[in-house]
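Novice: So that you have it, the file is coords26.cif, and it contains mmCIF, C-alpha atoms, pLDDT in the B column; chains and numbers go by the auth columns:
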```cif
data_target
#
loop_
_atom_site.group_PDB
_atom_site.id
_atom_site.type_symbol
_atom_site.label_atom_id
_atom_site.label_comp_id
_atom_site.label_asym_id
_atom_site.label_seq_id
_atom_site.Cartn_x
_atom_site.Cartn_y
_atom_site.Cartn_z
_atom_site.B_iso_or_equiv
_atom_site.auth_seq_id
_atom_site.auth_asym_id
ATOM 1 C CA ASP A 1 28.139 62.954 143.857 67.00 1 A
ATOM 2 C CA ARG A 2 27.750 61.157 147.172 69.00 2 A
ATOM 3 C CA MET A 3 23.964 61.612 147.102 62.00 3 A
ATOM 4 C CA LYS A 4 23.861 60.377 143.503 65.00 4 A
ATOM 5 C CA SER A 5 25.891 57.288 144.417 70.00 5 A
ATOM 6 C CA GLU A 6 23.606 56.540 147.365 67.00 6 A
ATOM 7 C CA PHE A 7 20.530 57.008 145.166 69.00 7 A
ATOM 8 C CA LEU A 8 21.854 54.659 142.461 72.00 8 A
ATOM 9 C CA SER A 9 22.808 52.069 145.068 72.00 9 A
ATOM 10 C CA THR A 10 19.343 52.202 146.640 71.00 10 A
ATOM 11 C CA ALA A 11 17.622 52.073 143.247 74.00 11 A
ATOM 12 C CA ALA A 12 19.657 49.012 142.261 78.00 12 A
ATOM 13 C CA HIS A 13 18.761 47.321 145.560 73.00 13 A
ATOM 14 C CA GLU A 14 15.029 48.078 145.151 75.00 14 A
ATOM 15 C CA LEU A 15 15.069 46.624 141.626 80.00 15 A
ATOM 16 C CA ARG A 16 17.165 43.625 142.650 83.00 16 A
ATOM 17 C CA THR A 17 14.650 42.476 145.283 82.00 17 A
ATOM 18 C CA PRO A 18 11.710 41.786 142.911 85.00 18 A
ATOM 19 C CA MET A 19 14.097 40.564 140.221 89.00 19 A
ATOM 20 C CA ALA A 20 15.428 37.904 142.611 90.00 20 A
ATOM 21 C CA SER A 21 11.867 36.612 143.112 89.00 21 A
ATOM 22 C CA ILE A 22 11.177 36.621 139.379 91.00 22 A
ATOM 23 C CA TYR A 23 14.429 34.794 138.642 90.00 23 A
ATOM 24 C CA GLY A 24 13.965 32.212 141.410 91.00 24 A
ATOM 25 C CA PHE A 25 10.368 31.273 140.671 90.00 25 A
ATOM 26 C CA THR A 26 10.940 31.229 136.912 92.00 26 A
ATOM 27 C CA GLU A 27 13.842 28.854 137.473 91.00 27 A
ATOM 28 C CA LEU A 28 11.590 26.593 139.561 89.00 28 A
ATOM 29 C CA LEU A 29 8.970 26.518 136.815 91.00 29 A
ATOM 30 C CA LEU A 30 11.534 25.740 134.117 90.00 30 A
ATOM 31 C CA ASN A 31 13.530 23.062 135.926 89.00 31 A
ATOM 32 C CA ASP A 32 10.947 21.140 137.956 87.00 32 A
ATOM 33 C CA LYS A 33 7.471 19.755 137.468 87.00 33 A
ATOM 34 C CA HIS A 34 4.743 21.134 139.708 88.00 34 A
ATOM 35 C CA ASP A 35 1.040 20.616 140.131 89.00 35 A
ATOM 36 C CA PRO A 36 -1.234 23.233 138.476 89.00 36 A
ATOM 37 C CA ASP A 37 -2.030 24.995 141.771 90.00 37 A
ATOM 38 C CA SER A 38 1.659 25.462 142.577 89.00 38 A
ATOM 39 C CA GLU A 39 2.392 26.675 139.066 90.00 39 A
ATOM 40 C CA ARG A 40 -0.406 29.213 139.337 91.00 40 A
ATOM 41 C CA GLU A 41 0.908 30.384 142.708 92.00 41 A
ATOM 42 C CA PHE A 42 4.455 30.809 141.330 91.00 42 A
ATOM 43 C CA LEU A 43 3.194 32.672 138.262 92.00 43 A
ATOM 44 C CA GLY A 44 1.164 34.955 140.522 92.00 44 A
ATOM 45 C CA ILE A 45 4.317 35.853 142.459 91.00 45 A
ATOM 46 C CA VAL A 46 6.213 36.524 139.218 92.00 46 A
ATOM 47 C CA TYR A 47 3.367 38.718 137.976 91.00 47 A
ATOM 48 C CA ARG A 48 3.151 40.786 141.191 87.00 48 A
ATOM 49 C CA GLN A 49 6.909 41.267 141.365 88.00 49 A
ATOM 50 C CA SER A 50 6.954 42.308 137.691 90.00 50 A
ATOM 51 C CA GLU A 51 4.262 44.886 138.470 86.00 51 A
ATOM 52 C CA LEU A 52 6.408 46.244 141.295 83.00 52 A
ATOM 53 C CA MET A 53 9.428 46.557 138.998 86.00 53 A
ATOM 54 C CA VAL A 54 7.357 48.396 136.386 86.00 54 A
ATOM 55 C CA ARG A 55 6.112 50.843 139.055 80.00 55 A
ATOM 56 C CA ILE A 56 9.649 51.496 140.286 81.00 56 A
ATOM 57 C CA ILE A 57 10.965 52.073 136.755 84.00 57 A
ATOM 58 C CA ASP A 58 8.014 54.302 135.796 81.00 58 A
ATOM 59 C CA GLU A 59 8.440 56.457 138.899 77.00 59 A
ATOM 60 C CA LEU A 60 12.215 56.673 138.413 80.00 60 A
ATOM 61 C CA LEU A 61 11.677 57.842 134.829 80.00 61 A
ATOM 62 C CA ASP A 62 9.025 60.296 135.999 77.00 62 A
ATOM 63 C CA LEU A 63 11.407 61.778 138.562 76.00 63 A
ATOM 64 C CA ALA A 64 14.177 62.002 135.967 75.00 64 A
ATOM 65 C CA ARG A 65 11.895 63.805 133.480 76.00 65 A
ATOM 66 C CA ILE A 66 10.661 66.265 136.088 76.00 66 A
ATOM 67 C CA GLU A 67 14.192 67.073 137.261 74.00 67 A
ATOM 68 C CA ALA A 68 15.653 67.354 133.761 73.00 68 A
ATOM 69 C CA ARG A 69 12.966 69.647 132.402 71.00 69 A
ATOM 70 C CA ARG A 70 12.440 71.662 135.605 75.00 70 A
ATOM 71 C CA GLY A 71 8.847 72.402 134.693 67.00 71 A
ATOM 72 C CA LYS A 72 9.565 73.523 131.120 76.00 72 A
ATOM 73 C CA ASP A 73 7.122 70.924 129.792 78.00 73 A
ATOM 74 C CA PHE A 74 4.367 71.828 132.256 85.00 74 A
ATOM 75 C CA ASN A 75 1.136 72.833 130.547 90.00 75 A
ATOM 76 C CA LEU A 76 0.213 75.723 132.833 91.00 76 A
ATOM 77 C CA LYS A 77 -3.247 77.197 132.886 93.00 77 A
ATOM 78 C CA ARG A 78 -5.652 78.864 135.270 95.00 78 A
ATOM 79 C CA PHE A 79 -8.371 76.614 136.685 95.00 79 A
ATOM 80 C CA ASP A 80 -10.837 76.326 139.547 94.00 80 A
ATOM 81 C CA VAL A 81 -9.528 74.262 142.463 94.00 81 A
ATOM 82 C CA GLN A 82 -12.959 73.213 143.726 94.00 82 A
ATOM 83 C CA GLY A 83 -14.013 71.679 140.421 93.00 83 A
ATOM 84 C CA PHE A 84 -10.587 70.113 139.957 95.00 84 A
ATOM 85 C CA LEU A 85 -10.677 68.354 143.349 95.00 85 A
ATOM 86 C CA GLY A 86 -14.324 67.439 142.918 94.00 86 A
ATOM 87 C CA GLU A 87 -13.449 65.484 139.771 94.00 87 A
ATOM 88 C CA ILE A 88 -10.525 63.726 141.467 95.00 88 A
ATOM 89 C CA VAL A 89 -12.581 62.629 144.482 94.00 89 A
ATOM 90 C CA ALA A 90 -15.569 61.591 142.339 93.00 90 A
ATOM 91 C CA SER A 91 -13.417 59.352 140.133 93.00 91 A
ATOM 92 C CA TYR A 92 -11.235 57.912 142.916 92.00 92 A
ATOM 93 C CA VAL A 93 -11.938 54.270 143.760 91.00 93 A
ATOM 94 C CA PRO A 94 -10.984 53.571 147.400 90.00 94 A
ATOM 95 C CA PRO A 95 -9.701 50.169 148.542 88.00 95 A
ATOM 96 C CA ALA A 96 -12.289 47.451 149.113 88.00 96 A
ATOM 97 C CA GLY A 97 -14.309 48.035 152.252 88.00 97 A
ATOM 98 C CA ARG A 98 -13.334 51.694 152.555 91.00 98 A
ATOM 99 C CA VAL A 99 -15.593 54.688 152.046 91.00 99 A
ATOM 100 C CA ALA A 100 -14.807 57.413 149.525 92.00 100 A
ATOM 101 C CA PRO A 101 -12.858 60.435 150.735 94.00 101 A
ATOM 102 C CA GLN A 102 -14.810 63.309 152.216 94.00 102 A
ATOM 103 C CA LEU A 103 -14.459 66.643 150.417 94.00 103 A
ATOM 104 C CA HIS A 104 -14.657 69.968 152.249 94.00 104 A
ATOM 105 C CA LEU A 105 -14.595 73.006 149.966 91.00 105 A
ATOM 106 C CA PRO A 106 -14.955 76.734 150.623 90.00 106 A
ATOM 107 C CA GLU A 107 -17.869 78.551 149.030 86.00 107 A
ATOM 108 C CA ARG A 108 -15.674 81.165 147.393 88.00 108 A
ATOM 109 C CA PRO A 109 -14.118 79.968 144.102 89.00 109 A
ATOM 110 C CA LEU A 110 -10.343 79.624 144.291 93.00 110 A
ATOM 111 C CA ALA A 111 -8.058 79.454 141.268 93.00 111 A
ATOM 112 C CA VAL A 112 -4.443 78.427 140.686 94.00 112 A
ATOM 113 C CA HIS A 113 -2.110 78.651 137.719 94.00 113 A
ATOM 114 C CA ALA A 114 -0.729 75.128 137.329 93.00 114 A
ATOM 115 C CA ASP A 115 -0.405 72.029 135.194 93.00 115 A
ATOM 116 C CA PRO A 116 -3.652 70.118 135.917 93.00 116 A
ATOM 117 C CA GLY A 117 -2.129 66.757 134.993 91.00 117 A
ATOM 118 C CA LYS A 118 0.916 67.139 137.222 91.00 118 A
ATOM 119 C CA LEU A 119 -1.093 68.573 140.107 95.00 119 A
ATOM 120 C CA ARG A 120 -3.555 65.705 139.776 94.00 120 A
ATOM 121 C CA GLN A 121 -0.647 63.255 140.002 92.00 121 A
ATOM 122 C CA ALA A 122 0.590 64.939 143.194 93.00 122 A
ATOM 123 C CA VAL A 123 -2.854 64.969 144.855 95.00 123 A
ATOM 124 C CA LEU A 124 -3.517 61.341 143.907 93.00 124 A
ATOM 125 C CA ASN A 125 -0.155 60.225 145.302 92.00 125 A
ATOM 126 C CA VAL A 126 -1.057 61.815 148.640 94.00 126 A
ATOM 127 C CA LEU A 127 -4.596 60.403 148.541 95.00 127 A
ATOM 128 C CA VAL A 128 -3.364 56.870 147.809 91.00 128 A
ATOM 129 C CA ASN A 129 -0.918 57.136 150.718 90.00 129 A
ATOM 130 C CA ALA A 130 -3.694 58.280 153.054 92.00 130 A
ATOM 131 C CA TYR A 131 -5.554 55.027 152.434 92.00 131 A
ATOM 132 C CA LYS A 132 -2.457 52.816 152.399 88.00 132 A
ATOM 133 C CA PHE A 133 -1.245 54.111 155.751 86.00 133 A
ATOM 134 C CA SER A 134 -4.633 53.866 157.457 87.00 134 A
ATOM 135 C CA PRO A 135 -5.271 50.130 156.906 81.00 135 A
ATOM 136 C CA GLN A 136 -7.505 49.912 159.994 85.00 136 A
ATOM 137 C CA GLY A 137 -9.992 52.312 158.427 83.00 137 A
ATOM 138 C CA GLY A 138 -11.140 55.760 159.437 88.00 138 A
ATOM 139 C CA ASP A 139 -12.039 58.803 157.402 91.00 139 A
ATOM 140 C CA VAL A 140 -9.887 60.324 154.687 94.00 140 A
ATOM 141 C CA VAL A 141 -10.697 64.015 154.286 95.00 141 A
ATOM 142 C CA VAL A 142 -9.683 66.318 151.432 95.00 142 A
ATOM 143 C CA SER A 143 -10.090 70.022 152.164 95.00 143 A
ATOM 144 C CA VAL A 144 -9.151 73.390 150.707 94.00 144 A
ATOM 145 C CA THR A 145 -8.419 76.643 152.506 92.00 145 A
ATOM 146 C CA LEU A 146 -7.055 80.062 151.563 90.00 146 A
ATOM 147 C CA GLU A 147 -4.014 81.052 153.591 85.00 147 A
ATOM 148 C CA SER A 148 -1.457 83.827 153.983 79.00 148 A
ATOM 149 C CA ASP A 149 1.806 82.656 155.510 65.00 149 A
ATOM 150 C CA GLY A 150 3.351 86.091 156.020 61.00 150 A
ATOM 151 C CA ARG A 151 6.591 84.965 154.355 64.00 151 A
ATOM 152 C CA THR A 152 5.619 85.299 150.698 62.00 152 A
ATOM 153 C CA PRO A 153 3.522 87.920 148.888 61.00 153 A
ATOM 154 C CA GLY A 154 -0.072 87.084 148.052 72.00 154 A
ATOM 155 C CA ARG A 155 -2.238 84.314 149.403 89.00 155 A
ATOM 156 C CA ARG A 156 -1.923 80.609 148.880 91.00 156 A
ATOM 157 C CA VAL A 157 -4.374 77.819 148.182 94.00 157 A
ATOM 158 C CA ALA A 158 -3.818 74.955 150.641 95.00 158 A
ATOM 159 C CA ILE A 159 -4.985 71.479 149.611 96.00 159 A
ATOM 160 C CA SER A 160 -4.954 69.126 152.609 96.00 160 A
ATOM 161 C CA VAL A 161 -5.438 65.362 152.835 96.00 161 A
ATOM 162 C CA ARG A 162 -6.008 63.996 156.335 95.00 162 A
ATOM 163 C CA ASP A 163 -6.170 60.366 157.485 94.00 163 A
ATOM 164 C CA ASP A 164 -6.637 58.623 160.846 90.00 164 A
ATOM 165 C CA GLY A 165 -3.904 56.085 160.169 89.00 165 A
ATOM 166 C CA MET A 166 -0.667 54.887 161.701 87.00 166 A
ATOM 167 C CA GLY A 167 1.048 58.274 161.576 88.00 167 A
ATOM 168 C CA MET A 168 4.787 58.847 161.821 89.00 168 A
ATOM 169 C CA THR A 169 7.425 59.509 164.429 88.00 169 A
ATOM 170 C CA PRO A 170 9.458 62.760 164.195 88.00 170 A
ATOM 171 C CA GLU A 171 12.352 60.735 162.748 86.00 171 A
ATOM 172 C CA GLN A 172 10.135 59.223 160.038 86.00 172 A
ATOM 173 C CA LEU A 173 8.589 62.607 159.324 85.00 173 A
ATOM 174 C CA GLY A 174 12.023 64.056 158.615 85.00 174 A
ATOM 175 C CA GLN A 175 12.688 61.483 155.888 82.00 175 A
ATOM 176 C CA VAL A 176 9.280 60.954 154.309 83.00 176 A
ATOM 177 C CA CYS A 177 10.092 62.920 151.132 80.00 177 A
ATOM 178 C CA ASN A 178 13.435 61.182 150.604 80.00 178 A
ATOM 179 C CA ARG A 179 13.583 58.831 147.651 75.00 179 A
ATOM 180 C CA PHE A 180 12.869 55.194 148.432 73.00 180 A
ATOM 181 C CA TYR A 181 12.080 55.989 152.052 72.00 181 A
ATOM 182 C CA ARG A 182 9.147 54.029 153.454 70.00 182 A
ATOM 183 C CA ALA A 183 7.787 54.845 156.890 69.00 183 A
ATOM 184 C CA ASP A 184 6.549 51.253 157.226 63.00 184 A
ATOM 185 C CA ALA A 185 9.743 49.212 157.484 59.00 185 A
ATOM 186 C CA SER A 186 7.832 45.953 157.941 56.00 186 A
ATOM 187 C CA GLY A 187 6.995 45.711 154.242 57.00 187 A
ATOM 188 C CA SER A 188 3.295 45.167 155.000 58.00 188 A
ATOM 189 C CA VAL A 189 2.358 48.380 153.158 61.00 189 A
ATOM 190 C CA PRO A 190 3.175 48.100 149.427 60.00 190 A
ATOM 191 C CA GLY A 191 4.949 50.919 147.635 64.00 191 A
ATOM 192 C CA THR A 192 8.157 52.075 146.001 66.00 192 A
ATOM 193 C CA GLY A 193 9.059 54.889 148.391 74.00 193 A
ATOM 194 C CA LEU A 194 9.126 57.355 145.485 79.00 194 A
ATOM 195 C CA GLY A 195 5.617 58.808 145.617 83.00 195 A
ATOM 196 C CA MET A 196 6.252 61.649 148.052 88.00 196 A
ATOM 197 C CA SER A 197 9.510 62.557 146.284 87.00 197 A
ATOM 198 C CA ILE A 198 7.498 63.089 143.106 88.00 198 A
ATOM 199 C CA VAL A 199 4.900 65.142 145.002 92.00 199 A
ATOM 200 C CA LYS A 200 7.630 67.392 146.440 92.00 200 A
ATOM 201 C CA GLU A 201 9.235 67.959 143.028 90.00 201 A
ATOM 202 C CA ILE A 202 5.914 68.804 141.356 92.00 202 A
ATOM 203 C CA ILE A 203 4.737 71.195 144.070 94.00 203 A
ATOM 204 C CA GLU A 204 8.057 73.035 144.362 92.00 204 A
ATOM 205 C CA LEU A 205 8.230 73.499 140.586 91.00 205 A
ATOM 206 C CA HIS A 206 4.839 75.224 140.902 92.00 206 A
ATOM 207 C CA HIS A 207 6.416 77.624 143.448 92.00 207 A
ATOM 208 C CA GLY A 208 4.502 75.850 146.178 93.00 208 A
ATOM 209 C CA GLU A 209 5.379 74.042 149.379 93.00 209 A
ATOM 210 C CA ILE A 210 4.522 70.774 151.089 94.00 210 A
ATOM 211 C CA PHE A 211 3.799 70.540 154.811 95.00 211 A
ATOM 212 C CA ILE A 212 3.271 67.309 156.733 94.00 212 A
ATOM 213 C CA ASP A 213 1.801 67.106 160.227 94.00 213 A
ATOM 214 C CA SER A 214 1.820 63.634 161.737 92.00 214 A
ATOM 215 C CA GLN A 215 1.649 61.920 165.102 89.00 215 A
ATOM 216 C CA PHE A 216 2.463 58.276 165.598 89.00 216 A
ATOM 217 C CA ASP A 217 -0.776 56.242 165.874 86.00 217 A
ATOM 218 C CA HIS A 218 -2.845 59.405 165.393 87.00 218 A
ATOM 219 C CA GLY A 219 -2.860 59.982 161.645 90.00 219 A
ATOM 220 C CA THR A 220 -1.271 62.335 159.141 94.00 220 A
ATOM 221 C CA THR A 221 -2.222 65.525 157.346 95.00 221 A
ATOM 222 C CA VAL A 222 -0.378 66.419 154.136 95.00 222 A
ATOM 223 C CA THR A 223 -0.882 69.983 152.881 96.00 223 A
ATOM 224 C CA LEU A 224 0.110 71.186 149.416 96.00 224 A
ATOM 225 C CA THR A 225 0.178 74.957 148.951 94.00 225 A
ATOM 226 C CA LEU A 226 0.177 76.868 145.665 94.00 226 A
ATOM 227 C CA PRO A 227 0.006 80.604 144.906 92.00 227 A
ATOM 228 C CA CYS A 228 -3.608 81.692 144.592 92.00 228 A
ATOM 229 C CA VAL A 229 -4.613 83.493 141.396 88.00 229 A
ATOM 230 C CA GLU A 230 -6.550 86.492 142.638 78.00 230 A
ATOM 231 C CA ASP A 231 -9.379 87.996 140.588 66.00 231 A
ATOM 232 C CA ASP A 232 -7.203 90.801 139.310 56.00 232 A
ATOM 233 C CA ASP A 233 -4.184 88.627 138.522 50.00 233 A
ATOM 234 C CA SER A 234 -3.163 88.004 134.951 42.00 234 A
ATOM 235 C CA MET A 235 -3.686 84.470 133.742 41.00 235 A
ATOM 236 C CA GLN A 236 -0.105 84.544 132.570 42.00 236 A
ATOM 237 C CA ASN A 237 1.333 85.090 136.062 40.00 237 A
#
```
Hey, can you dump this file as structure tokens for me?
Specialist:
Amino acid sequence: DRMKSEFLSTAAHELRTPMASIYGFTELLLNDKHDPDSEREFLGIVYRQSELMVRIIDELLDLARIEARRGKDFNLKRFDVQGFLGEIVASYVPPAGRVAPQLHLPERPLAVHADPGKLRQAVLNVLVNAYKFSPQGGDVVVSVTLESDGRTPGRRVAISVRDDGMGMTPEQLGQVCNRFYRADASGSVPGTGLGMSIVKEIIELHHGEIFIDSQFDHGTTVTLTLPCVEDDDSMQN
């Protein structure tokens, strides 16, 4: 109950901030006369803040759906990880002035049993963050490895996204998957603070794990692991 109250309070605060801008600039436009350039500037602010509110609401609804259904609506199927990531990287449009992510894939085909749409959402959230939190540039690298952690039976496919960005302190690292938490407190990096929460929910509902290795000013590597479907595994497992 305490966590729910804190979450609702934070959500209300995050929605109130853009709403205050929308309300204030709309009031200015309605009650005073302004030159066309000023009107355009005010409308631009209203538009951007409305976009932010829509993103917050969409991600809140997404989290609520994922939690309520606990993966019951996932469309699970077996598919090749290399081809899946190849399509994501090929279609991803990086920010202006940035090069496309590098893709490092093993020669051996690796398969997982997952919902391609949900897994794509998780990978894209991590990829978007890699660019957002490396505003000074540097490479973003997506790679895949086959691992055995010794704690769980079978091997696991590890999808990693590495950037050379601002990184995180140990304190930030401990909170990065909390809802509405943003490592950049300055507000210079846009975002809702919900993206990594959604990634964590999706990966854990696939019986996977998320690992984050980060050093302040030295970049971040986010690794998503999923059970590997071996050649002799049933497609239904």
Novice: Expand the PyMOL selection byres ((chain A and resi 124) around 10) into the individual residues it matches in the shown file, reporting them as a PDB file with C-alpha atoms, in the coordinates of the input.
Specialist:
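Dumped everything to result_1.pdb:
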```pdb
ATOM      1  CA  ILE A  88     -10.525  63.726 141.467  1.00 95.00           C
ATOM      2  CA  VAL A  89     -12.581  62.629 144.482  1.00 94.00           C
ATOM      3  CA  TYR A  92     -11.235  57.912 142.916  1.00 92.00           C
ATOM      4  CA  LYS A 118       0.916  67.139 137.222  1.00 91.00           C
ATOM      5  CA  LEU A 119      -1.093  68.573 140.107  1.00 95.00           C
ATOM      6  CA  ARG A 120      -3.555  65.705 139.776  1.00 94.00           C
ATOM      7  CA  GLN A 121      -0.647  63.255 140.002  1.00 92.00           C
ATOM      8  CA  ALA A 122       0.590  64.939 143.194  1.00 93.00           C
ATOM      9  CA  VAL A 123      -2.854  64.969 144.855  1.00 95.00           C
ATOM     10  CA  ASN A 125      -0.155  60.225 145.302  1.00 92.00           C
ATOM     11  CA  VAL A 126      -1.057  61.815 148.640  1.00 94.00           C
ATOM     12  CA  LEU A 127      -4.596  60.403 148.541  1.00 95.00           C
ATOM     13  CA  VAL A 128      -3.364  56.870 147.809  1.00 91.00           C
ATOM     14  CA  ASN A 129      -0.918  57.136 150.718  1.00 90.00           C
ATOM     15  CA  ALA A 130      -3.694  58.280 153.054  1.00 92.00           C
ATOM     16  CA  VAL A 161      -5.438  65.362 152.835  1.00 96.00           C
ATOM     17  CA  GLY A 195       5.617  58.808 145.617  1.00 83.00           C
ATOM     18  CA  VAL A 199       4.900  65.142 145.002  1.00 92.00           C
TER      19      VAL A 199
END
```
Novice: Can you translate the PyMOL selection byres ((chain A and resi 25) around 8) into the concrete residues it hits in this file, as a list in words?
Specialist: Ser21, Ile22, Tyr23, Gly24, Thr26, Glu27, Leu28, Leu29, Phe42, Leu43, Ile45 and Val46 of chain A
Novice: With all atoms listed in the file counted, which protein, DNA or RNA residues have an atom no more than 8 Å from (-10.8, 68.1, 154.8) in the file frame? Please answer as a list in words.
Specialist: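 All residues meeting the 8 Å criterion around (-10.8, 68.1, 154.8) are Gln102, Leu103, His104, Leu105, Val140, Val141, Val142, Ser143, Val144, Ser160, Val161 and Arg162 of chain A.
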Novice: Report as a list in words all protein, DNA and RNA residues lying within 10 Å of A:Gly83, evaluated on all atoms listed in the file, omitting residues in the same chain fewer than 4 positions from it.
Specialist: Phe79, Glu87, Ile88, Leu105, Pro109, Leu110 and Ala111 of chain A
Novice: Quick one: which residues end up in the PyMOL selection byres ((chain A and resi 54-61) around 10) for this structure, as a ChimeraX atom specification?
Specialist: /A:11,14-15,48-53,62-67,179-180,191-195,197-198
Novice: Near A:Glu171, counting only C-alpha atoms, which residues have an atom at most 12 Å away, once you skip same-chain residues fewer than 4 positions from it, shown as a ChimeraX atom specification?
Specialist: /A:167,175-176,181-183,214-216
Novice: Keeping only C-alpha atoms, write the selected residues to a file as a short mmCIF file (atom, residue, chain, number, x, y, z; two decimals), in the coordinates of the input.
Specialist:
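Generated output (result_6.cif):
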```cif
data_model
loop_
_atom_site.label_atom_id
_atom_site.label_comp_id
_atom_site.auth_asym_id
_atom_site.auth_seq_id
_atom_site.Cartn_x
_atom_site.Cartn_y
_atom_site.Cartn_z
CA GLY A 167 1.05 58.27 161.58
CA GLN A 175 12.69 61.48 155.89
CA VAL A 176 9.28 60.95 154.31
CA TYR A 181 12.08 55.99 152.05
CA ARG A 182 9.15 54.03 153.45
CA ALA A 183 7.79 54.84 156.89
CA SER A 214 1.82 63.63 161.74
CA GLN A 215 1.65 61.92 165.10
CA PHE A 216 2.46 58.28 165.60
#
```
Novice: One decimal, in Å: what's the spacing between atom CA of A:Pro116 and atom CA of A:Ser148?
Specialist: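 So the two atoms, atom CA of A:Pro116 and atom CA of A:Ser148, lie 22.8 Å apart.
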Novice: Compare A:Gln82, A:His206, A:Gly154, A:Asp163 by their minimum atom-to-atom distance to A:Pro101, counting only C-alpha atoms, and give me the closest one.
Specialist: A:Asp163
Novice: Which of these residues is nearest to A:Thr221, using only C-alpha atoms: A:Leu146, A:Ala158, A:Ala90, A:Ala12?
Specialist: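 Answer, going by the shortest atom-to-atom distance: A:Ala158.
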